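See below for the structure under consideration.
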Amino acid sequence: MASPMLNLVGVAKHFGEIEALSLVDLQIHSGQIIGLVGGNGAGKTTLLRLMAGVMEPTKGTITFENKPVSQMRKRLGVVPESTGLYSRLTAWENIRYHSRMYGVDDNDSWNRVSHFAKRLDILDALPRHTKGFSRGMRQKTALIRALAHGPDILLLDEPTAGLDVTSARTVRSLVQQLRDEGGTVIYSTHHLAEAHQVCDRIIIVHNGTIRADGSPNELLELTDCESLEEAYVSLTADKARARAEDDAKEGKLSRWWRYFLTGSTPKSEVVEDE
Ligand code: ATP
């Protein structure tokens with residue numbers, strides 16, 4: 001088999017004492033749709049952020065065609081969990097700004113953008129300031145922004161969350177078309193039926209490790225289950241760890257109440273090592 005496009009070897013990521021990911025080995029080949037499935041706090045977003053090169057692993061290496069991911073950013077398109085749009089710019093200005101950073105000519109960018117905007121039914125909103133955009137409109141704008149420079153690999157954090165039924169279908173068919181044209185898509189999702197329908201390969205992330213990895217049918221065979229939901233439940237039957245922020249981060253209000261009621265503040269704070 002050809003050498004992998006993305007190669008993760010012995011990757012771990014710690015945030016202070018929190019082990020978000022431990023010893024992940026993954027090889028990603030081009031031309032596939034890969035779903036990252038897992039419970040809240042399992043480590044999916046952390047994995048996507050590491051693959052996008054926006055944070056460094058604590059241990060291990062991540063390479064894109066044998067080079068550090070940070071040198072290959074132009075080849076990646078990323079839709080993060082929070083879309084990060086500038087509210088004072090219009091949707092098109094947000095996208096154009098991003099494309100210019102990648103050295104894409106405005107006309108080329110507009111040709112691609114208008115094509116995707118028509119498909120996602122958001123063309124009319126491109127001249128509007130993104131302040132006041134609904135979650136779905138933000139999501140679509142961020143997706144078009146990620147596609148505007150023609151990346152080879154798309155990393156999407158829950159791309160269909162917040163989208164109406166028709167838009168979610170369009171995103172699924174767009175993702176499939178990109179794969180059919182030779183692109184690679186890695187995306188996190190909680191929708192197992194969607195993952196079953198769309199993904200060539202599903203990686204189940206549980207408590208910071210890869211619990212299972214295979215095609216939907218392979219996971220069904222492995223667990224002797226009829227639906228991916230049952231397979232997922234049987235593969236992750238042991239308790240999910242508590243989310244670190246549930247344990248360690250305390251909201252301002254509850255911190256205030258703790259201080260008010262007990263006169264003490266929490267002993268430890270979460271320390272980020274980004
Ligand atoms: P969800 O489905 O809820 O979005 P997830 O699978 O994407 O969850 P991550 O966001 O990767 O999970 O989080 C994995 C663990 O790492 C959690 O315990 C989380 O609290 C912790 N974590 C992630 N980012 C940080 C950070 N910047 N600082 C501290 N802890 C973090």
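Ligands are numbered from 1 in the order shown, chains are lettered A, B, ... in the order of the structure tokens, and residues start at 1 in each chain.
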Find the residues around A:Gly10 up to 6 Å (only C-alpha atoms counted), leave out those fewer than 4 positions away in its own chain, and share them as an MDAnalysis selection string. chainID A and resid 23:25 60
Export N, CA and C atoms of the chosen residues as an mmCIF file, in the first residue's frame?
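Output file part_5.cif follows:
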```
data_model
loop_
_atom_site.group_PDB
_atom_site.id
_atom_site.type_symbol
_atom_site.label_atom_id
_atom_site.label_comp_id
_atom_site.auth_asym_id
_atom_site.auth_seq_id
_atom_site.Cartn_x
_atom_site.Cartn_y
_atom_site.Cartn_z
ATOM 1 N N LEU A 23 -1.108 7.773 23.346
ATOM 2 C CA LEU A 23 -0.531 6.799 22.419
ATOM 3 C C LEU A 23 -1.415 6.437 21.226
ATOM 4 N N VAL A 24 -1.667 7.430 20.413
ATOM 5 C CA VAL A 24 -2.475 7.213 19.217
ATOM 6 C C VAL A 24 -1.561 6.950 18.019
ATOM 7 N N ASP A 25 -1.798 5.835 17.338
ATOM 8 C CA ASP A 25 -1.113 5.531 16.080
ATOM 9 C C ASP A 25 -2.179 5.476 15.001
ATOM 10 N N GLY A 60 5.235 11.976 20.626
ATOM 11 C CA GLY A 60 4.970 11.388 19.321
ATOM 12 C C GLY A 60 5.128 12.381 18.182
#
```
Between atom CA of A:Thr45 and atom CA of A:Arg88 - distance in Å to one decimal: 27.0 Å
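Using only C-alpha atoms for every distance, the candidate list A:Ser215, A:Thr236, A:Ser3, A:Ser22 yields A:Ser22 as the residue closest to A:Gly43.
Those residues that approach A:Met72 to within 12 Å, counting only C-alpha atoms, are A:Met5, A:Leu6, A:Met51, A:Ala52, A:Gly53, A:Val54, A:Ile62, A:Thr63, A:Phe64, A:Glu65, A:Asn66, A:Lys67, A:Gly77, A:Tyr102, A:Pro151, A:Asp152, A:Ile153; same-chain residues fewer than 5 positions away are not listed.
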Export of prior selection with N, CA and C atoms as a CSV table (one decimal), in the first residue's frame:
```
chain,number,residue,atom,x,y,z
A,5,MET,N,-0.8,9.5,3.8
A,5,MET,CA,-0.8,11.0,3.6
A,5,MET,C,-0.5,11.6,5.0
A,6,LEU,N,-1.3,11.2,6.0
A,6,LEU,CA,-1.1,11.7,7.3
A,6,LEU,C,-0.6,10.5,8.2
A,51,MET,N,-4.0,17.2,14.1
A,51,MET,CA,-3.8,16.9,12.7
A,51,MET,C,-3.7,18.2,11.9
A,52,ALA,N,-4.5,19.2,12.3
A,52,ALA,CA,-4.5,20.5,11.6
A,52,ALA,C,-3.2,21.3,11.9
A,53,GLY,N,-2.4,20.8,12.8
A,53,GLY,CA,-1.1,21.5,13.2
A,53,GLY,C,-1.3,22.7,14.0
A,54,VAL,N,-2.5,22.9,14.6
A,54,VAL,CA,-2.7,24.1,15.4
A,54,VAL,C,-2.2,23.9,16.8
A,62,ILE,N,3.6,13.8,14.2
A,62,ILE,CA,2.5,13.8,13.2
A,62,ILE,C,3.2,14.4,11.9
A,63,THR,N,3.1,13.6,10.8
A,63,THR,CA,3.6,14.1,9.6
A,63,THR,C,2.6,14.0,8.4
A,64,PHE,N,2.8,14.9,7.5
A,64,PHE,CA,1.9,15.0,6.3
A,64,PHE,C,2.8,14.8,5.2
A,65,GLU,N,2.7,13.7,4.4
A,65,GLU,CA,3.6,13.4,3.4
A,65,GLU,C,5.1,13.5,3.8
A,66,ASN,N,5.3,13.0,5.0
A,66,ASN,CA,6.7,12.9,5.6
A,66,ASN,C,7.2,14.3,6.0
A,67,LYS,N,6.4,15.3,6.0
A,67,LYS,CA,6.9,16.6,6.5
A,67,LYS,C,6.0,17.0,7.7
A,77,GLY,N,-7.8,22.1,4.7
A,77,GLY,CA,-9.0,23.0,4.9
A,77,GLY,C,-9.6,22.6,6.3
A,102,TYR,N,-3.8,32.5,1.8
A,102,TYR,CA,-3.2,31.3,1.1
A,102,TYR,C,-2.7,31.6,-0.3
A,151,PRO,N,-8.2,22.7,-0.8
A,151,PRO,CA,-7.3,21.8,-0.1
A,151,PRO,C,-7.5,20.4,-0.5
A,152,ASP,N,-6.4,19.6,-0.2
A,152,ASP,CA,-6.5,18.1,-0.5
A,152,ASP,C,-7.2,17.3,0.6
A,153,ILE,N,-7.1,17.9,1.8
A,153,ILE,CA,-7.7,17.2,2.9
A,153,ILE,C,-8.5,18.2,3.8
```
Taking only residues of stretch 65-142 of chain A that have an atom at most 12 Å from an atom of stretch 178-202 of chain A, what is each one's shortest atom pair and its distance in Å to one decimal, using only C-alpha atoms, in chain and number order, as JSON lines?
```
{"residue": "A:Arg75", "atom": "CA", "partner": "A:Gly183", "partner_atom": "CA", "distance": 10.6}
{"residue": "A:Leu76", "atom": "CA", "partner": "A:Thr184", "partner_atom": "CA", "distance": 9.7}
{"residue": "A:Gly77", "atom": "CA", "partner": "A:Val185", "partner_atom": "CA", "distance": 9.3}
{"residue": "A:Val78", "atom": "CA", "partner": "A:Ile186", "partner_atom": "CA", "distance": 9.8}
{"residue": "A:Val79", "atom": "CA", "partner": "A:Tyr187", "partner_atom": "CA", "distance": 9.3}
{"residue": "A:Pro80", "atom": "CA", "partner": "A:Tyr187", "partner_atom": "CA", "distance": 10.2}
{"residue": "A:Glu81", "atom": "CA", "partner": "A:Ser188", "partner_atom": "CA", "distance": 9.7}
{"residue": "A:Phe116", "atom": "CA", "partner": "A:Leu178", "partner_atom": "CA", "distance": 11.7}
```
Can you tell me, as number ranges by chain, what residues are no more than 12 Å from A:Leu85 when counting only C-alpha atoms, ignoring any on the same chain fewer than 2 positions away? A: 79-83, 87-98, 129-133, 135, 137-146
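Using only C-alpha atoms and all ligand atoms, the smallest distance between any of A:Glu230, A:Asp238, A:Glu56, A:Glu218 and ligand 1 comes from A:Glu56.
With only C-alpha atoms and all ligand atoms as the atoms that count, the residue of A:Ala42, A:Leu26, A:Leu156, A:Cys225 with the shortest distance to ligand 1 is A:Ala42.
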Near A:Gln27, counting only C-alpha atoms, which residues have an atom at most 7 Å away, once you skip same-chain residues fewer than 3 positions from it, shown as a ChimeraX atom specification? /A:4,6-8
